[in-house]
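Listing of protein_1.cif, mmCIF, C-alpha atoms
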```cif
data_target
#
loop_
_atom_site.label_atom_id
_atom_site.label_comp_id
_atom_site.auth_asym_id
_atom_site.auth_seq_id
_atom_site.Cartn_x
_atom_site.Cartn_y
_atom_site.Cartn_z
CA MET A 28 13.64 -65.34 -10.80
CA ASN A 29 14.94 -68.82 -11.69
CA ALA A 30 18.37 -68.81 -13.36
CA ASP A 31 17.45 -71.91 -15.37
CA LEU A 32 14.56 -70.00 -16.94
CA VAL A 33 16.94 -67.19 -17.96
CA ARG A 34 19.33 -69.69 -19.58
CA GLU A 35 16.45 -71.06 -21.65
CA LEU A 36 16.60 -67.81 -23.64
CA GLY A 37 19.63 -69.36 -25.33
CA ARG A 38 17.77 -72.54 -26.33
CA PRO A 39 15.91 -72.22 -29.66
CA ASP A 40 13.29 -74.76 -28.58
CA ARG A 41 12.59 -72.94 -25.30
CA HIS A 42 13.36 -69.33 -26.17
CA ALA A 43 9.84 -68.13 -27.06
CA ALA A 44 8.20 -69.49 -23.92
CA ALA A 45 11.02 -68.24 -21.67
CA ALA A 46 10.92 -64.80 -23.29
CA GLU A 47 7.18 -64.43 -22.63
CA THR A 48 7.54 -65.38 -18.98
CA LEU A 49 10.54 -63.16 -18.38
CA ALA A 50 9.07 -60.14 -20.19
CA ALA A 51 6.09 -60.35 -17.87
CA GLY A 52 8.45 -60.40 -14.88
CA GLY A 53 9.47 -56.77 -15.29
CA ALA A 54 12.37 -55.37 -13.28
CA THR A 55 12.80 -58.56 -11.26
CA ALA A 56 13.33 -60.57 -14.44
CA ALA A 57 15.64 -57.88 -15.80
CA GLU A 58 17.84 -58.15 -12.74
CA ALA A 59 18.10 -61.94 -13.22
CA ILE A 60 18.93 -61.61 -16.91
CA VAL A 61 21.65 -59.02 -16.25
CA ARG A 62 23.09 -61.25 -13.53
CA GLU A 63 23.35 -64.03 -16.09
CA LEU A 64 24.85 -61.73 -18.73
CA THR A 65 27.60 -60.63 -16.34
CA ALA A 66 28.50 -64.16 -15.27
CA GLU A 67 31.89 -65.09 -16.75
CA SER A 68 30.89 -68.65 -17.59
CA SER A 69 27.42 -67.84 -18.96
CA PRO A 70 26.59 -69.12 -22.46
CA LEU A 71 23.79 -66.55 -22.87
CA GLU A 72 24.39 -64.31 -25.90
CA TRP A 73 23.33 -60.69 -25.89
CA ARG A 74 21.19 -61.15 -29.00
CA ALA A 75 19.00 -63.62 -27.12
CA ALA A 76 18.58 -61.32 -24.14
CA ALA A 77 18.18 -57.97 -25.89
CA PRO A 78 14.58 -58.34 -27.20
CA VAL A 79 13.30 -59.38 -23.76
CA LEU A 80 14.98 -56.51 -21.95
CA ARG A 81 13.77 -54.10 -24.63
CA ARG A 82 10.22 -55.20 -23.85
CA ILE A 83 10.84 -54.60 -20.16
CA GLY A 84 12.24 -51.19 -21.07
CA ALA A 85 12.71 -48.67 -18.26
CA GLY A 86 12.63 -51.41 -15.65
CA ALA A 87 15.80 -52.90 -17.15
CA PHE A 88 17.77 -49.67 -17.56
CA ASP A 89 19.30 -49.29 -14.11
CA HIS A 90 20.16 -52.99 -13.86
CA LEU A 91 22.02 -52.89 -17.16
CA LEU A 92 23.80 -49.67 -16.22
CA GLN A 93 25.01 -51.27 -13.00
CA GLY A 94 25.91 -54.41 -14.92
CA LEU A 95 28.17 -52.34 -17.15
CA LEU A 96 29.94 -50.91 -14.12
CA ASP A 97 30.28 -54.29 -12.41
CA ALA A 98 31.30 -56.39 -15.42
CA PRO A 99 34.63 -58.10 -14.62
CA ALA A 100 36.04 -58.18 -18.17
CA GLU A 101 35.88 -56.23 -21.42
CA GLU A 102 34.14 -59.06 -23.25
CA ILE A 103 31.37 -59.08 -20.66
CA ARG A 104 31.10 -55.27 -20.69
CA ASP A 105 30.58 -55.44 -24.45
CA ARG A 106 27.92 -58.12 -24.03
CA VAL A 107 26.01 -56.04 -21.49
CA GLY A 108 26.61 -52.83 -23.45
CA HIS A 109 25.08 -54.17 -26.65
CA VAL A 110 21.89 -54.92 -24.75
CA PHE A 111 21.98 -51.58 -22.89
CA ALA A 112 22.24 -49.70 -26.20
CA ARG A 113 19.20 -51.48 -27.67
CA LEU A 114 16.52 -50.74 -25.09
CA GLY A 115 14.84 -48.44 -27.61
CA PRO A 116 13.20 -45.01 -27.58
CA GLY A 117 11.15 -45.92 -24.54
CA VAL A 118 14.20 -45.11 -22.38
CA LEU A 119 15.35 -42.06 -24.34
CA ALA A 120 15.07 -39.76 -21.33
CA GLN A 121 17.24 -42.15 -19.30
CA TYR A 122 19.84 -42.26 -22.07
CA GLU A 123 19.99 -38.46 -22.02
CA VAL A 124 20.56 -38.43 -18.26
CA ALA A 125 23.29 -41.04 -18.68
CA LEU A 126 25.16 -38.75 -21.09
CA SER A 127 26.45 -36.89 -18.03
CA HIS A 128 27.31 -40.01 -15.99
CA PRO A 129 30.77 -39.85 -14.31
CA SER A 130 31.87 -43.03 -16.08
CA PRO A 131 32.99 -42.58 -19.72
CA LEU A 132 31.92 -46.20 -20.28
CA ILE A 133 28.32 -45.31 -19.47
CA ARG A 134 28.45 -42.11 -21.52
CA ARG A 135 29.71 -43.96 -24.59
CA TRP A 136 27.07 -46.69 -24.40
CA ALA A 137 24.36 -44.07 -23.78
CA VAL A 138 25.41 -42.31 -27.00
CA LEU A 139 25.16 -45.64 -28.82
CA GLY A 140 21.75 -46.14 -27.26
CA ILE A 141 20.53 -42.89 -28.79
CA GLN A 142 22.07 -43.90 -32.12
CA HIS A 143 20.30 -47.28 -32.06
CA CYS A 144 16.96 -45.62 -31.41
CA ASP A 145 16.95 -44.74 -35.13
CA GLU A 146 14.08 -42.35 -35.90
CA GLY A 147 12.84 -42.55 -32.32
CA GLY A 148 16.09 -41.09 -31.02
CA LEU A 149 16.12 -37.97 -33.18
CA PRO A 150 14.82 -35.62 -30.43
CA ALA A 151 17.88 -36.49 -28.33
CA VAL A 152 20.51 -35.89 -31.03
CA PRO A 153 21.21 -32.22 -30.06
CA ALA A 154 21.94 -33.43 -26.52
CA LEU A 155 25.09 -35.06 -27.92
CA LEU A 156 26.73 -31.73 -28.79
CA PRO A 157 28.34 -31.17 -25.35
CA LEU A 158 30.07 -34.55 -25.70
CA LEU A 159 32.05 -33.37 -28.74
CA GLY A 160 34.51 -32.01 -26.20
CA ASP A 161 34.34 -34.94 -23.80
CA THR A 162 37.57 -35.58 -21.90
CA ASP A 163 37.40 -39.20 -23.05
CA ARG A 164 38.37 -39.46 -26.74
CA GLY A 165 36.21 -42.56 -27.23
CA VAL A 166 33.11 -40.77 -25.99
CA ALA A 167 33.84 -37.69 -28.10
CA GLN A 168 34.38 -39.82 -31.20
CA GLN A 169 31.16 -41.77 -30.59
CA ALA A 170 29.23 -38.52 -30.17
CA GLN A 171 30.71 -37.18 -33.42
CA ASP A 172 29.89 -40.38 -35.30
CA THR A 173 26.32 -40.48 -34.00
CA LEU A 174 25.73 -36.83 -34.87
CA VAL A 175 26.86 -37.57 -38.43
CA ILE A 176 24.76 -40.74 -38.69
CA ARG A 177 21.57 -39.34 -37.18
CA GLY A 178 22.04 -35.61 -37.65
CA GLU A 179 20.90 -35.49 -41.25
CA LYS A 180 17.28 -35.79 -40.14
CA VAL A 181 17.54 -32.86 -37.70
CA TRP A 182 20.05 -30.83 -39.69
CA GLN A 183 18.18 -27.55 -39.54
CA SER A 184 18.14 -27.57 -35.75
CA LEU A 185 21.79 -28.64 -35.48
CA LEU A 186 23.22 -26.10 -37.92
CA PRO A 187 22.96 -22.96 -35.74
CA LEU A 188 24.19 -24.88 -32.68
CA LEU A 189 27.26 -26.22 -34.48
CA ARG A 190 28.00 -22.78 -35.92
CA GLN A 191 27.75 -21.30 -32.44
CA ILE A 192 30.30 -23.81 -31.16
CA ARG A 193 32.65 -22.91 -34.02
CA GLU A 194 32.31 -19.20 -33.26
CA GLU A 195 32.15 -19.18 -29.46
CA GLY A 196 33.57 -22.50 -28.25
CA PRO A 197 34.27 -24.13 -25.90
CA GLY A 198 37.59 -24.61 -27.63
CA ARG A 199 37.84 -28.37 -27.19
CA HIS A 200 34.44 -28.79 -28.91
CA ARG A 201 35.39 -26.82 -32.02
CA PRO A 202 37.39 -29.37 -34.08
CA ARG A 203 34.70 -32.05 -33.95
CA ALA A 204 31.97 -29.47 -34.54
CA LEU A 205 33.75 -28.56 -37.78
CA THR A 206 33.89 -32.23 -38.78
CA VAL A 207 30.15 -32.66 -38.19
CA LEU A 208 29.38 -29.48 -40.13
CA ALA A 209 31.43 -30.67 -43.09
CA ALA A 210 30.01 -34.17 -42.98
CA LEU A 211 26.39 -33.03 -42.92
CA GLY A 212 26.41 -29.83 -44.93
CA GLY A 213 29.68 -29.61 -46.80
CA GLU A 214 31.62 -26.47 -47.58
CA THR A 215 28.47 -24.43 -48.27
CA VAL A 216 27.57 -24.31 -44.57
CA LEU A 217 31.06 -23.40 -43.36
CA SER A 218 31.92 -19.84 -42.50
CA ALA A 219 34.46 -17.95 -44.57
CA GLN A 220 36.87 -18.19 -41.64
CA ASP A 221 36.50 -21.99 -41.50
CA VAL A 222 37.00 -22.37 -45.26
CA ALA A 223 40.13 -20.21 -45.04
CA ALA A 224 41.42 -22.28 -42.12
CA VAL A 225 40.95 -25.54 -44.05
CA GLU A 226 42.68 -24.13 -47.12
CA ARG A 227 45.54 -22.89 -44.95
CA LEU A 228 45.94 -26.35 -43.41
CA ILE A 229 46.02 -27.92 -46.90
CA ARG A 230 48.80 -25.53 -47.92
CA VAL A 231 50.79 -26.46 -44.84
CA LYS A 232 50.32 -30.20 -45.45
CA LEU A 233 51.27 -29.89 -49.14
CA ALA A 234 54.84 -29.01 -48.17
CA ALA A 235 55.42 -32.60 -47.03
CA ASP A 236 52.92 -34.33 -49.34
CA ARG A 237 54.17 -37.44 -51.12
CA PRO A 238 52.48 -39.74 -53.65
CA ALA A 239 50.20 -42.37 -52.16
CA ALA A 240 48.50 -45.22 -54.02
CA LEU A 241 44.82 -45.05 -54.83
CA TRP A 242 43.03 -47.91 -53.15
CA SER A 243 39.26 -47.86 -52.96
CA CYS A 244 36.55 -50.49 -53.21
CA TRP A 245 35.79 -49.30 -56.75
CA ASN A 246 38.71 -47.73 -58.59
CA HIS A 247 38.26 -45.71 -61.78
CA TRP A 248 40.94 -43.68 -63.49
CA ILE A 249 42.20 -42.13 -66.70
CA ALA A 250 45.94 -42.26 -67.38
CA VAL A 251 47.78 -39.84 -69.67
CA PRO A 252 51.55 -40.01 -70.43
CA SER A 253 52.12 -36.31 -69.83
CA GLY A 254 52.75 -33.83 -67.04
CA ASP A 255 50.50 -31.20 -68.62
CA GLN A 256 47.98 -31.14 -65.80
CA ALA A 257 46.38 -27.88 -66.91
CA GLY A 258 45.99 -29.08 -70.49
CA ILE A 259 44.48 -32.39 -69.40
CA ILE A 260 41.99 -30.55 -67.18
CA THR A 261 41.00 -28.29 -70.09
CA THR A 262 40.70 -31.18 -72.55
CA LEU A 263 38.41 -33.06 -70.17
CA GLY A 264 36.21 -30.01 -69.55
CA LEU A 265 36.96 -29.91 -65.82
CA THR A 266 36.72 -26.67 -63.86
CA GLU A 267 37.61 -25.00 -60.55
CA PRO A 268 40.77 -27.00 -59.70
CA ARG A 269 41.79 -26.67 -56.06
CA PRO A 270 45.03 -27.97 -54.52
CA VAL A 271 44.74 -31.08 -52.34
CA THR A 272 47.06 -33.55 -50.68
CA PHE A 273 47.16 -37.18 -51.78
CA PRO A 274 45.27 -38.35 -48.65
CA LEU A 275 42.56 -35.74 -49.27
CA GLY A 276 42.23 -36.48 -52.98
CA ASN A 277 42.13 -40.23 -52.45
CA ASP A 278 39.65 -39.90 -49.57
CA MET A 279 37.29 -37.85 -51.71
CA VAL A 280 37.53 -40.39 -54.53
CA ASP A 281 36.82 -43.23 -52.11
CA ALA A 282 33.82 -41.43 -50.57
CA ASP A 283 32.40 -40.47 -53.96
CA GLY A 284 32.77 -44.06 -55.17
CA HIS A 285 30.32 -45.14 -52.48
CA GLU A 286 27.73 -42.56 -53.51
CA ALA A 287 24.67 -43.79 -55.39
CA GLY A 288 21.28 -42.33 -56.13
CA PRO A 289 18.35 -42.19 -58.53
CA ASP A 290 19.49 -39.00 -60.29
CA GLY A 291 22.54 -40.68 -61.83
CA HIS A 292 25.06 -37.94 -60.94
CA GLU A 293 25.95 -38.86 -57.36
CA GLY A 294 29.62 -39.77 -57.13
CA LEU A 295 30.34 -38.18 -60.53
CA THR A 296 30.74 -34.57 -59.43
CA ARG A 297 34.51 -34.27 -58.96
CA VAL A 298 37.81 -35.94 -59.74
CA PHE A 299 41.30 -35.94 -58.27
CA VAL A 300 43.92 -34.97 -60.85
CA THR A 301 47.37 -35.99 -59.67
CA PRO A 302 50.58 -34.10 -60.23
CA GLU A 303 52.96 -35.56 -62.78
CA LEU A 304 54.05 -38.98 -61.51
CA ASP A 305 57.03 -40.48 -63.29
CA GLY A 306 55.86 -38.91 -66.54
CA TRP A 307 52.15 -39.69 -66.12
CA THR A 308 49.09 -37.80 -64.87
CA PHE A 309 46.13 -39.71 -63.45
CA VAL A 310 42.55 -38.51 -63.23
CA LEU A 311 40.81 -40.45 -60.47
CA GLY A 312 37.11 -40.85 -59.75
CA ALA A 313 33.92 -42.62 -60.79
CA TRP A 314 33.46 -40.03 -63.56
CA CYS A 315 36.32 -41.86 -65.36
CA ASP A 316 34.44 -45.19 -65.50
CA PRO A 317 35.01 -46.81 -68.92
CA CYS A 318 32.32 -49.47 -68.56
CA GLY A 319 29.33 -48.12 -66.61
CA ALA A 320 26.21 -47.20 -68.56
CA ALA A 321 26.29 -43.60 -67.34
CA ARG A 322 29.85 -42.87 -68.45
CA SER A 323 31.23 -45.44 -70.93
CA GLU A 324 30.59 -43.56 -74.18
CA ASP A 325 31.70 -40.20 -72.85
CA VAL A 326 34.89 -41.69 -71.39
CA LEU A 327 35.62 -43.31 -74.77
CA ARG A 328 35.18 -39.93 -76.47
CA LEU A 329 37.37 -38.14 -73.90
CA CYS A 330 40.17 -40.71 -74.08
CA THR A 331 40.12 -40.45 -77.88
CA ARG A 332 40.45 -36.68 -77.58
CA LEU A 333 43.27 -36.96 -75.04
CA SER A 334 45.14 -39.42 -77.25
CA SER A 335 44.93 -37.00 -80.17
CA ARG A 336 46.72 -34.41 -78.04
CA TYR A 337 49.11 -36.57 -76.01
CA GLY A 338 49.59 -39.64 -78.19
CA ARG A 339 48.01 -42.10 -75.78
CA ALA A 340 45.27 -42.21 -73.13
CA GLN A 341 43.74 -45.04 -71.13
CA ALA A 342 40.80 -45.54 -68.78
CA TYR A 343 40.31 -48.30 -66.24
CA TYR A 344 37.92 -49.79 -63.73
CA TYR A 345 39.05 -52.18 -61.01
CA GLY A 346 36.74 -53.54 -58.31
CA ALA A 347 39.11 -54.36 -55.46
CA GLN A 348 36.53 -56.59 -53.74
CA GLY A 349 36.28 -59.00 -56.67
CA ASP A 350 33.93 -56.76 -58.67
CA GLY A 351 35.69 -57.04 -62.00
CA SER A 352 37.89 -55.06 -64.37
CA ALA A 353 37.65 -52.94 -67.50
CA TRP A 354 40.18 -51.20 -69.69
CA LEU A 355 40.13 -48.77 -72.56
CA ALA A 356 43.20 -47.81 -74.61
CA ALA A 357 43.32 -45.07 -77.23
CA GLU A 358 46.23 -43.99 -79.43
CA HIS A 359 46.55 -40.99 -81.74
CA GLY A 360 42.84 -40.27 -81.86
CA ARG A 361 41.46 -43.78 -82.22
CA VAL A 362 40.36 -46.54 -79.86
CA VAL A 363 42.75 -49.49 -79.84
CA ARG A 364 40.92 -51.65 -77.31
CA ARG A 365 38.01 -51.66 -74.89
CA TYR A 366 37.21 -54.73 -72.81
CA CYS A 367 35.05 -55.29 -69.72
CA GLU A 368 34.67 -58.24 -67.39
CA THR A 369 32.45 -57.15 -64.49
CA GLY A 370 29.75 -59.83 -64.36
CA ASP A 371 27.29 -57.62 -66.22
CA GLY A 372 25.45 -59.60 -68.87
CA GLU A 373 26.07 -56.83 -71.42
CA ASP A 374 29.85 -56.57 -70.90
CA GLU A 375 30.56 -58.14 -74.28
CA LEU A 376 28.64 -55.38 -76.06
CA LEU A 377 31.35 -52.91 -75.02
CA THR A 378 34.21 -54.90 -76.55
CA LEU A 379 36.18 -52.99 -79.20
CA GLY A 380 39.43 -53.75 -80.99
CA ASP A 381 41.82 -56.67 -80.80
CA PRO A 382 43.27 -58.15 -77.59
CA LEU A 383 46.22 -56.26 -76.15
CA PRO A 384 49.62 -58.01 -75.92
CA TYR A 385 49.19 -58.55 -72.18
CA GLU A 386 45.75 -60.11 -72.71
CA ARG A 387 47.27 -62.58 -75.17
CA LEU A 388 50.12 -63.36 -72.79
CA ARG A 389 47.76 -64.00 -69.89
CA ARG A 390 45.57 -66.29 -71.99
CA GLU A 391 48.60 -68.29 -73.10
CA GLU A 392 49.60 -68.69 -69.44
CA LEU A 393 46.12 -70.13 -68.82
CA GLY A 394 46.47 -72.51 -71.75
CA LEU A 395 43.91 -70.59 -73.84
CA LEU A 396 44.07 -69.35 -77.43
CA PRO A 397 45.50 -65.80 -77.54
CA GLU A 398 42.86 -64.83 -80.12
CA TRP A 399 39.32 -65.95 -79.39
CA ASP A 400 35.69 -65.64 -80.35
CA PRO A 401 33.47 -65.58 -77.24
CA ALA A 402 30.61 -67.11 -79.22
CA LEU A 403 32.70 -70.16 -80.10
CA GLU A 404 34.72 -70.62 -76.91
CA SER A 405 33.84 -73.53 -74.63
CA GLU A 406 32.08 -72.76 -71.35
CA GLU A 407 35.08 -74.05 -69.40
CA ASN A 408 37.53 -71.78 -71.23
CA ALA A 409 35.16 -68.83 -71.03
CA ASP A 410 34.91 -69.23 -67.26
CA ALA A 411 38.68 -69.54 -66.87
CA TRP A 412 39.22 -66.30 -68.79
CA LYS A 413 36.39 -64.51 -67.01
CA TRP A 414 37.83 -65.16 -63.56
CA ALA A 415 41.34 -64.20 -64.67
CA ALA A 416 40.13 -61.01 -66.38
CA PHE A 417 38.17 -59.96 -63.27
CA ASP A 418 41.46 -58.93 -61.63
CA LEU A 419 43.41 -57.92 -64.73
CA ALA A 420 43.05 -54.13 -64.87
CA PRO A 421 46.05 -53.32 -62.62
CA ASP A 422 48.29 -55.63 -64.69
CA ILE A 423 47.02 -54.18 -67.98
CA ALA A 424 47.73 -50.67 -66.66
CA ARG A 425 51.29 -51.54 -65.69
CA SER A 426 51.89 -53.25 -69.03
CA LEU A 427 50.81 -50.07 -70.85
CA GLY A 428 52.80 -47.69 -68.69
CA ALA A 429 51.70 -46.97 -65.12
CA SER A 430 49.02 -47.53 -62.49
CA PRO A 431 47.88 -45.26 -59.62
CA LEU A 432 47.46 -48.43 -57.57
CA ALA A 433 51.22 -48.95 -57.63
CA ILE A 434 52.62 -45.49 -56.85
CA GLY A 435 54.22 -44.60 -53.53
CA PRO A 436 56.37 -42.03 -51.71
CA GLU A 437 59.37 -42.94 -53.87
CA THR A 438 57.53 -42.25 -57.16
CA PRO A 439 59.05 -39.20 -58.92
CA SER A 440 56.55 -36.34 -58.60
CA ARG A 441 56.31 -32.84 -60.04
CA GLY A 442 53.58 -30.34 -59.21
CA THR A 443 50.54 -30.45 -56.94
CA GLY A 444 47.40 -32.57 -57.11
CA VAL A 445 44.03 -30.86 -57.48
CA VAL A 446 40.37 -31.73 -57.10
CA ALA A 447 38.30 -30.38 -60.00
CA LEU A 448 34.60 -30.23 -60.76
CA THR A 449 33.09 -32.29 -63.56
CA PRO A 450 30.10 -30.96 -65.53
CA TYR A 451 27.94 -32.94 -63.09
CA GLY A 452 29.57 -31.08 -60.20
CA VAL A 453 28.93 -27.70 -61.83
CA ALA A 454 25.26 -28.60 -62.35
CA HIS A 455 24.53 -30.36 -59.06
CA GLY A 456 27.24 -29.43 -56.54
CA VAL A 457 29.41 -31.89 -54.64
CA PRO A 458 28.20 -34.13 -51.82
CA PRO A 459 28.94 -33.06 -48.24
CA GLY A 460 31.64 -34.90 -46.37
CA ALA A 461 34.50 -34.65 -43.92
CA HIS A 462 37.77 -35.93 -45.39
CA ARG A 463 41.36 -36.58 -44.31
CA ILE A 464 43.81 -33.83 -45.25
#
```
As structure tokens - that is how I would like this structure written.
Amino acid sequence: MNADLVRELGRPDRHAAAAETLAAGGATAAEAIVRELTAESSPLEWRAAAPVLRRIGAGAFDHLLQGLLDAPAEEIRDRVGHVFARLGPGVLAQYEVALSHPSPLIRRWAVLGIQHCDEGGLPAVPALLPLLGDTDRGVAQQAQDTLVIRGEKVWQSLLPLLRQIREEGPGRHRPRALTVLAALGGETVLSAQDVAAVERLIRVKLAADRPAALWSCWNHWIAVPSGDQAGIITTLGLTEPRPVTFPLGNDMVDADGHEAGPDGHEGLTRVFVTPELDGWTFVLGAWCDPCGAARSEDVLRLCTRLSSRYGRAQAYYYGAQGDGSAWLAAEHGRVVRRYCETGDGEDELLTLGDPLPYERLRREELGLLPEWDPALESEENADAWKWAAFDLAPDIARSLGASPLAIGPETPSRGTGVVALTPYGVAHGVPPGAHRI
């Protein structure tokens, strides 16, 4: 097969015609394409070659496998591997055979091949279970990840097999089997022995646990200037508190923040309540959102109630990827200020109270009037304030006392953090997931 024809796959004006000719060439064309992919000086990108070799299917499999073994550099192995993993469900049986190949490189890319088969690869997912104990950590991790990604669709068939591994071994398979069980089914599918083992590990880790800053894509929290963790939990109507480390609490908050669904309760089922940190207790989780439609009014009510008991209470939202800020401050049973700047067209409808001292200071730094009427402000000034306020929540929090984004191992700490259920969690249960302890 002509090498010039293969290189035309990389030319937009010639790609379609070259692809048709090469796809009709079967295994012979596949061999030529793989030869080009493994050439160190080749300009051919894997994205240009992959659709053609997928059409050739089984006739390309062995050539790509050998290309992976022969590739002279990691960059070239990755180029060939990306194509190898995208041959599609038509080579599923060959992927399964490759799972036992002597080379861990081939095993790992075969696992990825099954993962990239999407729905078509579901019948092969149970075949990944023996690789949870693979001697190569990369292969074992890829098998675990693929089981989590694709296993949800074949959960009922995986459940007894994973439980069998947990009960009977082999021993090196057991830790990753537990991770997959937790990720797909949560605590409800774990045995009593596994739950006890996890709780025992948490107790061990708590002995050396130190404060760690919350840092998620979407950060929501309530701050109370008190160390009365139990009283705060009761005031908020939270239940079933269970001790957790800072990494575990923060990981749950981060995972829940990424949950979304049509029922409106996903991601709102639990919160992480910190121990007392330099005189403050933080309640972390999307349930504390002061500006979202699902939670804003309830969070206002709860902060008002907390401030009646503890003098002050605040709630915040901070989108760490440039997704805006919101803050709510209550004192002695009344709302002092609520302000949102998230890009939502109805943000201004949530505004309550007068600007806080730090808001005025920041506006003066920008050359803006410290007191303002949004309806009368010029478009230029409104934009300047909007972009400044988008990132303001952490600064507002520090100006009013403390922020969970700024704590660290040196922060004075008293007590133990807990994860507690919200009313949503009691009604709907918590989402499954495997988290760092």
All residues 7 Å or closer to Cys244 of chain A, all atoms listed in the file, same chain fewer than 6 positions away omitted, as a PyMOL selection string | chain A and resi 346-348
Which neighbours of segment 139-150 of chain A fall inside 12 Å, counting all atoms listed in the file, when residues of the same chain fewer than 5 positions from it are skipped, and could you give them as a PyMOL selection string?
-> chain A and resi 81+88+92+108-126+132-134+155+165-182+184-185
Selected residue of minimal separation from Thr438 of chain A among A:Val216, A:Leu49, A:Val225, A:Leu304, counting all atoms listed in the file | A:Leu304
Excluding segment 301-303 of chain A and any residue of its chain fewer than 4 positions from it, enumerate the residues within 6 Å of it, using all atoms listed in the file, and give them as a PDB file with C-alpha atoms, in the frame of the given file.
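The resulting around-v1.pdb:
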```
ATOM      1  CA  GLY A 254      52.750 -33.830 -67.040  1.00  0.00           C
ATOM      2  CA  TRP A 307      52.150 -39.690 -66.120  1.00  0.00           C
ATOM      3  CA  THR A 308      49.090 -37.800 -64.870  1.00  0.00           C
ATOM      4  CA  PHE A 309      46.130 -39.710 -63.450  1.00  0.00           C
ATOM      5  CA  SER A 440      56.550 -36.340 -58.600  1.00  0.00           C
ATOM      6  CA  ARG A 441      56.310 -32.840 -60.040  1.00  0.00           C
ATOM      7  CA  GLY A 442      53.580 -30.340 -59.210  1.00  0.00           C
ATOM      8  CA  THR A 443      50.540 -30.450 -56.940  1.00  0.00           C
ATOM      9  CA  GLY A 444      47.400 -32.570 -57.110  1.00  0.00           C
TER      10      GLY A 444
END
```
Between A:Arg390, A:Arg332, A:Arg230, A:Arg199, single out the one closest to Gly258 of chain A, counting only C-alpha atoms.
->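 The closest residue to Gly258 of chain A is A:Arg332.
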Residues matched by the PyMOL selection byres ((chain A and resi 385-389) around 9) as a ChimeraX atom specification | /A:382-384,390-398,412,415-416,419,422-423,426-427
Enclosing box along x, y and z for every listed atom of segment 227-245 of chain A, padded 5 Å each side, centre and size in Å, one decimal, as JSON:
```
{"center_x": 45.6, "center_y": -36.7, "center_z": -50.1, "size_x": 29.6, "size_y": 37.6, "size_z": 23.3}
```
Restricting the calculation to all atoms listed in the file, which member of A:Ala240, A:Leu379, A:Val453, A:Leu189 is positioned closest to Ala210 of chain A?
-> A:Leu189
